[in-house]
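Written below as structure tokens is the structure these notes are about.
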Amino acid sequence: MVQPQQALPEARSDLRNGETPMNFKALNAAVVICGALVCSGAGAKELTIGFSQIGSESGWRAAETTVSKAEAKKRNINFKIADAQQKQENQIRAIRSFIAQGVDAIFLAPVVATGWNAVLREAKEAKIPVVLLDRDIDPSGKDLYLTAVTSDSVHEGKVAGEWLVKAVGSKSCNVVELQGTVGASVAANRKKGFEQGIAGHANLKIVRSQTGDFTRAKGKEVMESFIKADGGGKSICAVYAHNDDMMVGAIQAMKEAGLKPGSDVLTVSIDAVPDIFKAMAAGEANATVELTPDMAGPAFDAIIAYKAKGTTPPKWIQTASKLYTGADNPQAVYESKKDLGY
Amino acid sequence: MPRKAVSFVLPRLGMPQIVALIIIFAINSFLSPHFLELRVQDGRLFGSLVDVFNRGAPVALLALGMAPIIAMRGIDLSVGAVMAIAGAIAASLADSHALGFVLVCALGAGLMCGLWNGVLVALLGMQPIVATLILMVAGRGVAQLITEGRIVTFANTDLAWLGSGSLLGLPTPIVLTLAMLVLTLLVVRGSALGLLIEATGGNSRASALAGVGTRVITIAVYAWCGLCAALAGIVAAADIMGADANNAGLWLELDAILAVVIGGTSLLGGRFSLVLAVLGALIIQAMNTGILLSGFPPEMNLIVKAIVVLAVLLAQSPRLAGLGLLLRRRRP
Amino acid sequence: MTPPETVPLLALRGFSKSFAGVNALDGVDFTLQSGEIHALLGENGAGKSTLIKTMTGVVARDAGTMQLDGVEIAPRSTGEATKAGIATVYQEVNLAPNLSVAQNLFLGRQPTRFGLVRESEMRRRARTLLAEFDLDIDVAVPLESYSVAIQHIVAIARAVDLSARVLILDEPTASLDAHEVTILFAVMRQLAARGIGIVFVTHFLDQVYAICDRITVLRNGRLAASAATAELPRMELVRMMLGRELREATAARPVSAPRESEPVAVFRGFGKAGYVEPFDLALRAGHVVGLAGLLGSGRTETARLVFGAERADSGSVTARGQQVTLHSPRQAMRLGFGYCPEERKTEGIVAELTVRENIVLALQARRGVLRPLSRREQDEIAGRLIRLLDIRPPDPERPIGLLSGGNQQKALLARWLATKPAILILDEPTRGIDVGAHAEIIQLIRALCAEGMALLVASSELEEIVTYADEIVVLRDRAHVARLEGEAVSVPTILAVIAAEAAKAV
């Protein structure tokens, strides 16, 4: 028991930092936009872009890789992915090799925040623009990259909170919260954002808050204890989970306790992984806020504009945090997402 | 004279563990008035007390495999990874094969992992901590390969029943753990294995010279541990109806080792108790559940656990007991 | 060589030390003169290492006084002993092999300037220091790159340079070849000439006669003799080490079993390179074969080979007329062998298990995991053997570690008797146990023999072994050198063989 998770927060925070980022145009929207872009960039010579990906430590990251490839294909970009297997030295090696190959741009999903300045300076000297995907680096490297495409995890929490405020209306509502790993910045941000979202609505009250370590198993266990501590869970009006996986576990716990998630108890969580849409389609989940796996799309657009017209993009491109509810045809979204590698 | 009375009333073995569990239960019901409440829900017992046993099942299963290994001065760091492998296999096969086949494959994989550890330790003479570290690291990778880094979900309700169903009014994991406890007791104490394990752990050179086949026993013990870990992995996967290779059983090897140690088995080998190891797992889970029920901020979790574990281990420390005796004697 | 008797350099009076009720040292006196090389001899358990440890403060003595140059000292640690002027160099050199020779010589007292080690100054001093020992080596390379002999000399040089007056060398020659021994001896002589007193622990008798001025023999924790080397003939010395007083004990010997009885096991050309030279040995029912020889002569090694605890690399074994392999204790046990090792605590008992569990262990191991002895059977076996051997206290559920040495030894015998062995190998069955248990165990050996068991007993207790052995194998330098039978089984004959061989080797 001396908790294992102790070692985890660091790692997990890194890992989830990525996830936090966002949600943007849903896929179909993205397809339309991209289609348009492909047309506009059709005449330009084919771009070669290297992407140093962290690895495939989570379903979200696998989806990010899949989506990046698809987005590159749409834009007719020669896209090279190097899997670093969670090692910074592999990423640095990959970047050097991209520089040596003379690529047009480099995407980097940094595994850690520090230690990049030397290699990024090499890229800058070689006049190769670098775009950070889904995670930022230490501020000292601020002028060494072109832009960072990340989501805003505070904003995600806020979107979730605001949805709940609207869904509840004026009746009083006891909310229980399943936090991410203690110490992970994503968890802290999503908590903060949610609290901002429900601020000023005294009828909503967070009555219990515990960590579920971002996992299904712990989400289920913690939700079970919430129900028991509440004497059966009858007074719980809504569950907010910092990610969908914990919510999937919590939904199981509620069903086993004889509660009806989705109707007796409202649910809202973040990430928009396929399984939450399955639950939504079954009427067992109410809402999720997407952390889009499409970080590369906006990055491609920024690079294309930069190369073609010299447009310098803003230093931070925030991905949108799209809200999905049962009204968004969850079954269709599930179908579109299930093969992305989540 | 009060000392005599006490030693008469309380059995020597297991007392600190039983007392610790009762105290934690008492604290839990103080923090959460509903703690001891039980009711029947959908034909099964329902309540926080049941949760303690239910959630404690995976670690209890791991402890059943770990206790004999620790008694032989070994250690198995790979049980968490083996859980992930077995869970991944079970989840991947669940929707396309019969339950029997699924279980045979998952348990068989655990057995193979245990054999691998046993061969490294017994035949190649590697230190257990190093030998099992290999599988601890590689095993999770294997599980990720099987699941391709995703959470593989399944809809097979037979398999799900192992994690969240009920039997005889109790959650299935509790029944499985009890069955496994009885089975392990039969295997270990019904055969001569227990004596030979304790002899080897107590003095391996003397045991070898007494003709004890320490290699075969070592391999058998690691293989059994692999089997227990696989069962724990199946239960964990069945519980959430999915295999999460990244998180299933993560760090549970440490909980299992701690459960065995709380159960009074020394890391230096020798005497061990399966029942007390399971009790150790329950103590850990009672504490976890208590923290969840208490409403303390999650930042306090680790600190609270550390303090409780320290208290339980101190209560068992023979030196502290000696100190207490000394103080009592000093008093006229 | 010995300087005129004035105040001795080091004088110990009445040193005593007991461990768990057994006297390891019992009122030992020891005197060392300045410039003297003094051999400290004795078999295993005679008290040599305890004497050294109490002298150097590693363990606290129970009684006794110690004077260095007439001044009372009582070091409580090796550090204090070194400061007082008593330094020890062990068989396993206790220096840091990965540091350079110079660093080893000045470890903890490096010459410094402004807090920095003056490496070149240190090397210069190291070269000067080693030059005194006629040793001209590169002091900048790691110690481990030199031979064991040079490492020893470096250790000695360090010890002497730390202002040692008394230098204790604990079996320094055990791993040296003949040439290296001569180099070491030259160093020892040179140090003696400088007035340093040297205590030399060894079990090579020829080395004792080659270099020592005086000999002190310990036996069973007591002082057996202390005399100038010239006044102690080799034969006398061996007798001192192995026999308390030479009573003619052969008269008490029972009549030997008829030699003609079919051997239970026959070993031919059995041996292991570098361990024991190939030997022939036949074990017969109702017949005791004794293994006699000095410490390190191959007694224990022979016993271990015969039990398969050490794997032989030559020869063959025939058991009951069948050619068999003997690679492990398990195989030996299945052939009906039993073995009570010399190291009772580390190789015999499982301290935390009960007497009952210790007794049934070998029988259970032979039956295998799947045929457990029921608790009732275990109680019956343990109870019967506890009564038979009079193990005290007669509580089968007591952890064996709490029993006295003699009762532990009896329980180990019980462990093997439970397996009804055809052949029982006993290594030093009476070591470290009290007098009463001593006699009982000897009686038991005789009784087992009378019942038709074949016994192989290794012992350093010559008077004892001649009272029960039908045949004695004498060992020297890891080889079986003589086989004594009938009238020849007597202490003087054994001593003569050991000493004669020793003499020939010099």
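Starting from 1 in every chain, residues are counted up; chains themselves are A, B, ... following the order of the structure tokens, and ligands are numbered from 1 as listed.
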message = Could you list, as an MDAnalysis selection string, every residue within 12 Å of C:Leu105, counting only C-alpha atoms and ignoring same-chain residues fewer than 2 positions away?
response = chainID C and resid 94:97 99:103 107:111 122:130 139:140 142:143 151:162
key: Neighbours of chain B in chain A at 9 Å, counting only C-alpha atoms, as a PyMOL selection string   = chain A and resi 1-6+56-60+62+179+182-183+207-211+215-217+220-222+224-226+228-232+248-249+252+256-258+275+341-342
message = Env of B:Cys228: 6 Å cut, atoms = only C-alpha atoms, seq-sep filter 3 positions within chain, self excluded. Answer as a PyMOL selection string.
response = chain B and resi 61-62+65+225+231
Would you export the selected residues with C-alpha atoms as an mmCIF file, in the first residue's frame, please?
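Writing the result to part39.cif gives the following:
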```cif
data_model
loop_
_atom_site.group_PDB
_atom_site.id
_atom_site.type_symbol
_atom_site.label_atom_id
_atom_site.label_comp_id
_atom_site.auth_asym_id
_atom_site.auth_seq_id
_atom_site.Cartn_x
_atom_site.Cartn_y
_atom_site.Cartn_z
ATOM 1 C CA LEU B 61 -4.408 -13.422 -4.476
ATOM 2 C CA LEU B 62 -0.967 -11.984 -5.172
ATOM 3 C CA GLY B 65 1.604 -16.553 -4.348
ATOM 4 C CA CYS B 225 2.916 -17.319 -7.830
ATOM 5 C CA LEU B 231 -5.934 -15.102 -11.549
#
```
ask   = Once you count only C-alpha atoms, which residues of chain B turn out to be within 12 Å of chain C? Could you give them as a PyMOL selection string?
value = chain B and resi 186-217+220+266+268-272
Next, dump the selected residues to file, keeping only N, CA and C atoms, as a tab-separated table (two decimals), in the first residue's frame.
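And here is the file that came out, result.tsv:
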```tsv
chain	number	residue	atom	x	y	z
B	186	LEU	N	-4.19	-26.26	0.94
B	186	LEU	CA	-4.15	-27.70	0.68
B	186	LEU	C	-2.83	-28.09	0.02
B	187	VAL	N	-2.45	-27.31	-0.98
B	187	VAL	CA	-1.23	-27.63	-1.71
B	187	VAL	C	-0.01	-27.51	-0.79
B	188	VAL	N	0.04	-26.42	-0.03
B	188	VAL	CA	1.24	-26.12	0.74
B	188	VAL	C	1.29	-26.90	2.05
B	189	ARG	N	0.16	-26.91	2.76
B	189	ARG	CA	0.17	-27.58	4.07
B	189	ARG	C	-0.31	-29.02	3.99
B	190	GLY	N	-1.06	-29.32	2.94
B	190	GLY	CA	-1.51	-30.70	2.78
B	190	GLY	C	-0.39	-31.58	2.27
B	191	SER	N	0.54	-30.98	1.53
B	191	SER	CA	1.71	-31.73	1.09
B	191	SER	C	2.85	-31.35	2.02
B	192	ALA	N	4.03	-31.82	1.69
B	192	ALA	CA	5.19	-31.49	2.53
B	192	ALA	C	5.81	-30.18	2.09
B	193	LEU	N	5.20	-29.52	1.08
B	193	LEU	CA	5.80	-28.31	0.52
B	193	LEU	C	6.07	-27.26	1.59
B	194	GLY	N	5.09	-27.05	2.48
B	194	GLY	CA	5.23	-26.01	3.50
B	194	GLY	C	6.48	-26.22	4.34
B	195	LEU	N	6.66	-27.44	4.83
B	195	LEU	CA	7.83	-27.73	5.67
B	195	LEU	C	9.11	-27.52	4.88
B	196	LEU	N	9.13	-28.03	3.64
B	196	LEU	CA	10.36	-27.94	2.86
B	196	LEU	C	10.67	-26.50	2.48
B	197	ILE	N	9.61	-25.70	2.23
B	197	ILE	CA	9.81	-24.28	1.93
B	197	ILE	C	10.40	-23.58	3.15
B	198	GLU	N	9.81	-23.83	4.30
B	198	GLU	CA	10.28	-23.14	5.51
B	198	GLU	C	11.69	-23.58	5.88
B	199	ALA	N	11.99	-24.86	5.64
B	199	ALA	CA	13.34	-25.34	5.94
B	199	ALA	C	14.35	-24.68	5.01
B	200	THR	N	13.99	-24.61	3.71
B	200	THR	CA	14.91	-24.01	2.74
B	200	THR	C	15.10	-22.53	3.03
B	201	GLY	N	14.00	-21.85	3.35
B	201	GLY	CA	14.10	-20.43	3.67
B	201	GLY	C	14.89	-20.19	4.94
B	202	GLY	N	14.72	-21.08	5.90
B	202	GLY	CA	15.41	-20.92	7.19
B	202	GLY	C	16.90	-21.19	7.07
B	203	ASN	N	17.28	-22.19	6.29
B	203	ASN	CA	18.69	-22.50	6.12
B	203	ASN	C	18.83	-23.35	4.87
B	204	SER	N	19.16	-22.69	3.76
B	204	SER	CA	19.13	-23.40	2.49
B	204	SER	C	20.25	-24.43	2.40
B	205	ARG	N	21.41	-24.13	2.99
B	205	ARG	CA	22.52	-25.08	2.91
B	205	ARG	C	22.19	-26.34	3.70
B	206	ALA	N	21.65	-26.13	4.90
B	206	ALA	CA	21.30	-27.28	5.72
B	206	ALA	C	20.24	-28.11	5.03
B	207	SER	N	19.27	-27.45	4.41
B	207	SER	CA	18.20	-28.18	3.76
B	207	SER	C	18.72	-28.98	2.58
B	208	ALA	N	19.62	-28.36	1.79
B	208	ALA	CA	20.18	-29.09	0.66
B	208	ALA	C	20.93	-30.32	1.15
B	209	LEU	N	21.66	-30.17	2.27
B	209	LEU	CA	22.41	-31.32	2.80
B	209	LEU	C	21.48	-32.35	3.42
B	210	ALA	N	20.25	-31.94	3.75
B	210	ALA	CA	19.29	-32.91	4.26
B	210	ALA	C	18.53	-33.56	3.11
B	211	GLY	N	18.94	-33.25	1.88
B	211	GLY	CA	18.35	-33.91	0.74
B	211	GLY	C	17.13	-33.22	0.17
B	212	VAL	N	16.85	-32.00	0.61
B	212	VAL	CA	15.69	-31.29	0.08
B	212	VAL	C	16.01	-30.83	-1.34
B	213	GLY	N	15.13	-31.13	-2.28
B	213	GLY	CA	15.35	-30.74	-3.67
B	213	GLY	C	14.97	-29.29	-3.86
B	214	THR	N	15.85	-28.38	-3.47
B	214	THR	CA	15.48	-26.97	-3.39
B	214	THR	C	15.14	-26.38	-4.77
B	215	ARG	N	15.78	-26.89	-5.83
B	215	ARG	CA	15.54	-26.30	-7.15
B	215	ARG	C	14.10	-26.52	-7.59
B	216	VAL	N	13.67	-27.76	-7.49
B	216	VAL	CA	12.31	-28.09	-7.94
B	216	VAL	C	11.31	-27.28	-7.13
B	217	ILE	N	11.54	-27.19	-5.83
B	217	ILE	CA	10.61	-26.45	-4.97
B	217	ILE	C	10.59	-24.97	-5.36
B	220	ALA	N	8.61	-24.57	-8.50
B	220	ALA	CA	7.18	-24.78	-8.23
B	220	ALA	C	6.57	-23.56	-7.56
B	266	SER	N	9.03	-12.92	7.38
B	266	SER	CA	10.23	-12.10	7.28
B	266	SER	C	10.78	-12.15	5.86
B	268	LEU	N	13.67	-12.27	5.28
B	268	LEU	CA	14.84	-13.14	5.36
B	268	LEU	C	14.44	-14.61	5.26
B	269	GLY	N	13.16	-14.86	5.02
B	269	GLY	CA	12.73	-16.24	4.80
B	269	GLY	C	12.38	-16.97	6.08
B	270	GLY	N	11.92	-18.20	5.90
B	270	GLY	CA	11.55	-19.02	7.04
B	270	GLY	C	10.05	-19.16	7.15
B	271	ARG	N	9.54	-19.06	8.39
B	271	ARG	CA	8.13	-19.26	8.65
B	271	ARG	C	7.23	-18.33	7.83
B	272	PHE	N	6.11	-18.86	7.34
B	272	PHE	CA	5.16	-18.00	6.65
B	272	PHE	C	3.75	-18.48	6.94
```
message = From a backbone DSSP assignment, name each residue in stretch 55-271 of chain A labelled helix (DSSP H, G or I), as a ChimeraX atom specification.
response = /A:59-74,88-101,117-125,139-144,153-168,185-198,216-229,244-256
Long-range neighbours of stretch 86-92 of chain C as a VMD selection string, 6 Å cut-off, only C-alpha atoms, 6 positions minimum in chain = chain C and resid 159 164 166 to 172
Can I get the selected residues back with C-alpha atoms, as a PDB file, in the first residue's frame?
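The new file part13.pdb reads:
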```pdb
ATOM      1  CA  ALA C 159      50.112  -2.100   9.334  1.00  0.00           C
ATOM      2  CA  ALA C 164      52.635  -1.461  14.849  1.00  0.00           C
ATOM      3  CA  VAL C 166      52.793  -6.336  17.408  1.00  0.00           C
ATOM      4  CA  LEU C 167      51.826  -7.777  14.037  1.00  0.00           C
ATOM      5  CA  ILE C 168      49.319 -10.610  13.858  1.00  0.00           C
ATOM      6  CA  LEU C 169      49.352 -12.589  10.618  1.00  0.00           C
ATOM      7  CA  ASP C 170      46.278 -14.786  10.382  1.00  0.00           C
ATOM      8  CA  GLU C 171      46.984 -17.624   7.943  1.00  0.00           C
ATOM      9  CA  PRO C 172      48.771 -15.356   5.460  1.00  0.00           C
TER      10      PRO C 172
END
```
query = Skipping near chain neighbours, those fewer than 3 positions away, what residues fall within 7 Å of B:Ala315 using only C-alpha atoms, listed as a list in words?
reply = Pro16, Ala311 and Val312 of chain B
If you count only C-alpha atoms, which residues fall within 10 Å of stretch 192-205 of chain A, apart from same-chain ones fewer than 3 positions away, as a PDB file with C-alpha atoms, in the first residue's frame?
```
ATOM      1  CA  ASP A 152      -5.967  24.184 -22.271  1.00  0.00           C
ATOM      2  CA  SER A 153      -6.875  21.797 -19.505  1.00  0.00           C
ATOM      3  CA  VAL A 154      -8.289  24.543 -17.298  1.00  0.00           C
ATOM      4  CA  HIS A 155     -10.622  25.407 -20.140  1.00  0.00           C
ATOM      5  CA  GLU A 156     -11.672  21.765 -20.504  1.00  0.00           C
ATOM      6  CA  GLY A 157     -12.712  21.638 -16.858  1.00  0.00           C
ATOM      7  CA  LYS A 158     -14.578  24.869 -17.293  1.00  0.00           C
ATOM      8  CA  VAL A 159     -16.515  23.565 -20.292  1.00  0.00           C
ATOM      9  CA  ALA A 160     -17.513  20.526 -18.252  1.00  0.00           C
ATOM     10  CA  GLY A 161     -18.613  22.692 -15.320  1.00  0.00           C
ATOM     11  CA  GLU A 162     -20.601  25.035 -17.498  1.00  0.00           C
ATOM     12  CA  TRP A 163     -22.425  22.116 -19.105  1.00  0.00           C
ATOM     13  CA  LEU A 164     -23.380  20.779 -15.697  1.00  0.00           C
ATOM     14  CA  VAL A 165     -24.664  24.166 -14.563  1.00  0.00           C
ATOM     15  CA  LYS A 166     -26.931  24.281 -17.568  1.00  0.00           C
ATOM     16  CA  VAL A 168     -28.942  21.005 -13.567  1.00  0.00           C
ATOM     17  CA  GLY A 169     -30.743  24.289 -13.826  1.00  0.00           C
ATOM     18  CA  SER A 170     -31.812  25.688 -10.531  1.00  0.00           C
ATOM     19  CA  LYS A 171     -32.305  22.546  -8.462  1.00  0.00           C
ATOM     20  CA  SER A 172     -29.720  21.762  -5.851  1.00  0.00           C
ATOM     21  CA  CYS A 173     -27.116  19.183  -6.850  1.00  0.00           C
ATOM     22  CA  ASN A 174     -24.436  17.283  -4.936  1.00  0.00           C
ATOM     23  CA  VAL A 175     -21.480  16.603  -7.198  1.00  0.00           C
ATOM     24  CA  VAL A 176     -18.770  13.997  -6.576  1.00  0.00           C
ATOM     25  CA  GLU A 177     -15.442  14.411  -8.296  1.00  0.00           C
ATOM     26  CA  VAL A 186      -3.669  18.091 -15.733  1.00  0.00           C
ATOM     27  CA  ALA A 187      -5.606  16.951 -12.704  1.00  0.00           C
ATOM     28  CA  ALA A 188      -5.046  20.223 -10.905  1.00  0.00           C
ATOM     29  CA  ASN A 189      -6.045  22.228 -13.994  1.00  0.00           C
ATOM     30  CA  ARG A 208     -16.680  14.470  -2.289  1.00  0.00           C
ATOM     31  CA  CYS A 237     -26.808  14.163  -8.331  1.00  0.00           C
ATOM     32  CA  ALA A 238     -23.779  14.257 -10.638  1.00  0.00           C
ATOM     33  CA  TYR A 240     -17.455  14.752 -12.651  1.00  0.00           C
ATOM     34  CA  HIS A 242     -11.106  14.164 -14.838  1.00  0.00           C
TER      35      HIS A 242
END
```
Using only C-alpha atoms, determine which residues lie at most 10 Å from stretch 198-211 of chain C, disregarding the query and same-chain residues fewer than 5 positions distant; provide the list as a short mmCIF file (atom, residue, chain, number, x, y, z; two decimals) with C-alpha atoms, in the first residue's frame.
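Once written, selection.cif looks like this:
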```cif
data_model
loop_
_atom_site.label_atom_id
_atom_site.label_comp_id
_atom_site.auth_asym_id
_atom_site.auth_seq_id
_atom_site.Cartn_x
_atom_site.Cartn_y
_atom_site.Cartn_z
CA LEU C 32 55.31 -12.35 22.98
CA GLN C 33 58.85 -10.95 23.06
CA SER C 34 60.10 -8.10 20.99
CA GLY C 35 61.62 -9.37 17.73
CA GLU C 36 60.05 -12.77 18.12
CA ILE C 37 58.13 -14.76 15.52
CA HIS C 38 55.63 -16.73 17.51
CA ALA C 39 53.50 -19.49 16.00
CA LEU C 40 49.95 -19.82 17.30
CA LEU C 41 48.67 -23.28 16.51
CA GLY C 42 45.59 -25.36 17.13
CA GLU C 43 42.82 -27.25 15.39
CA LYS C 48 43.01 -19.30 17.97
CA SER C 49 40.61 -16.93 16.31
CA ILE C 52 43.07 -12.96 18.25
CA ILE C 86 48.63 -4.18 17.62
CA ALA C 87 47.86 -4.67 13.93
CA THR C 88 46.29 -7.65 12.18
CA TYR C 90 44.04 -11.42 7.65
CA GLN C 91 44.13 -14.20 5.12
CA ARG C 165 54.69 -3.07 17.62
CA VAL C 166 52.79 -6.34 17.41
CA LEU C 167 51.83 -7.78 14.04
CA ILE C 168 49.32 -10.61 13.86
CA LEU C 169 49.35 -12.59 10.62
CA ASP C 170 46.28 -14.79 10.38
CA GLU C 171 46.98 -17.62 7.94
CA PRO C 172 48.77 -15.36 5.46
CA THR C 173 50.32 -18.28 3.58
CA ALA C 174 47.13 -20.25 2.91
CA VAL C 181 56.10 -17.85 0.92
CA THR C 182 59.86 -17.27 0.82
CA PHE C 185 59.23 -14.96 5.21
CA ALA C 186 62.01 -12.57 4.24
CA MET C 188 58.79 -11.28 8.43
CA ARG C 189 62.45 -11.81 9.37
CA LEU C 191 60.45 -6.94 10.68
CA ALA C 192 61.50 -9.18 13.56
CA THR C 216 52.07 -21.78 21.48
CA THR C 229 60.67 -24.23 18.66
CA ALA C 230 63.95 -26.02 19.26
CA LEU C 232 59.40 -28.96 20.76
CA PRO C 233 59.92 -31.89 18.39
CA ARG C 234 57.51 -32.26 15.58
CA LEU C 237 53.78 -30.81 18.58
CA VAL C 238 51.32 -32.94 16.62
CA LEU C 294 45.37 -32.13 10.94
CA LEU C 295 43.12 -29.23 10.15
CA GLY C 296 42.95 -28.71 6.41
CA SER C 297 44.25 -32.21 5.68
CA ASP C 477 47.61 -32.27 2.50
CA ALA C 499 54.44 -36.40 11.82
CA ALA C 502 55.19 -33.85 7.75
CA ALA C 503 58.88 -34.47 8.28
CA LYS C 504 59.30 -35.94 4.83
CA ALA C 505 57.71 -32.90 3.26
CA VAL C 506 60.15 -30.40 4.76
#
```
inquiry  = Between atom CA of B:Leu178 and atom CA of A:Met223, what is the distance in Å, rounded to a tenth?
reply    =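 Distance between the two atoms: 25.0 Å.
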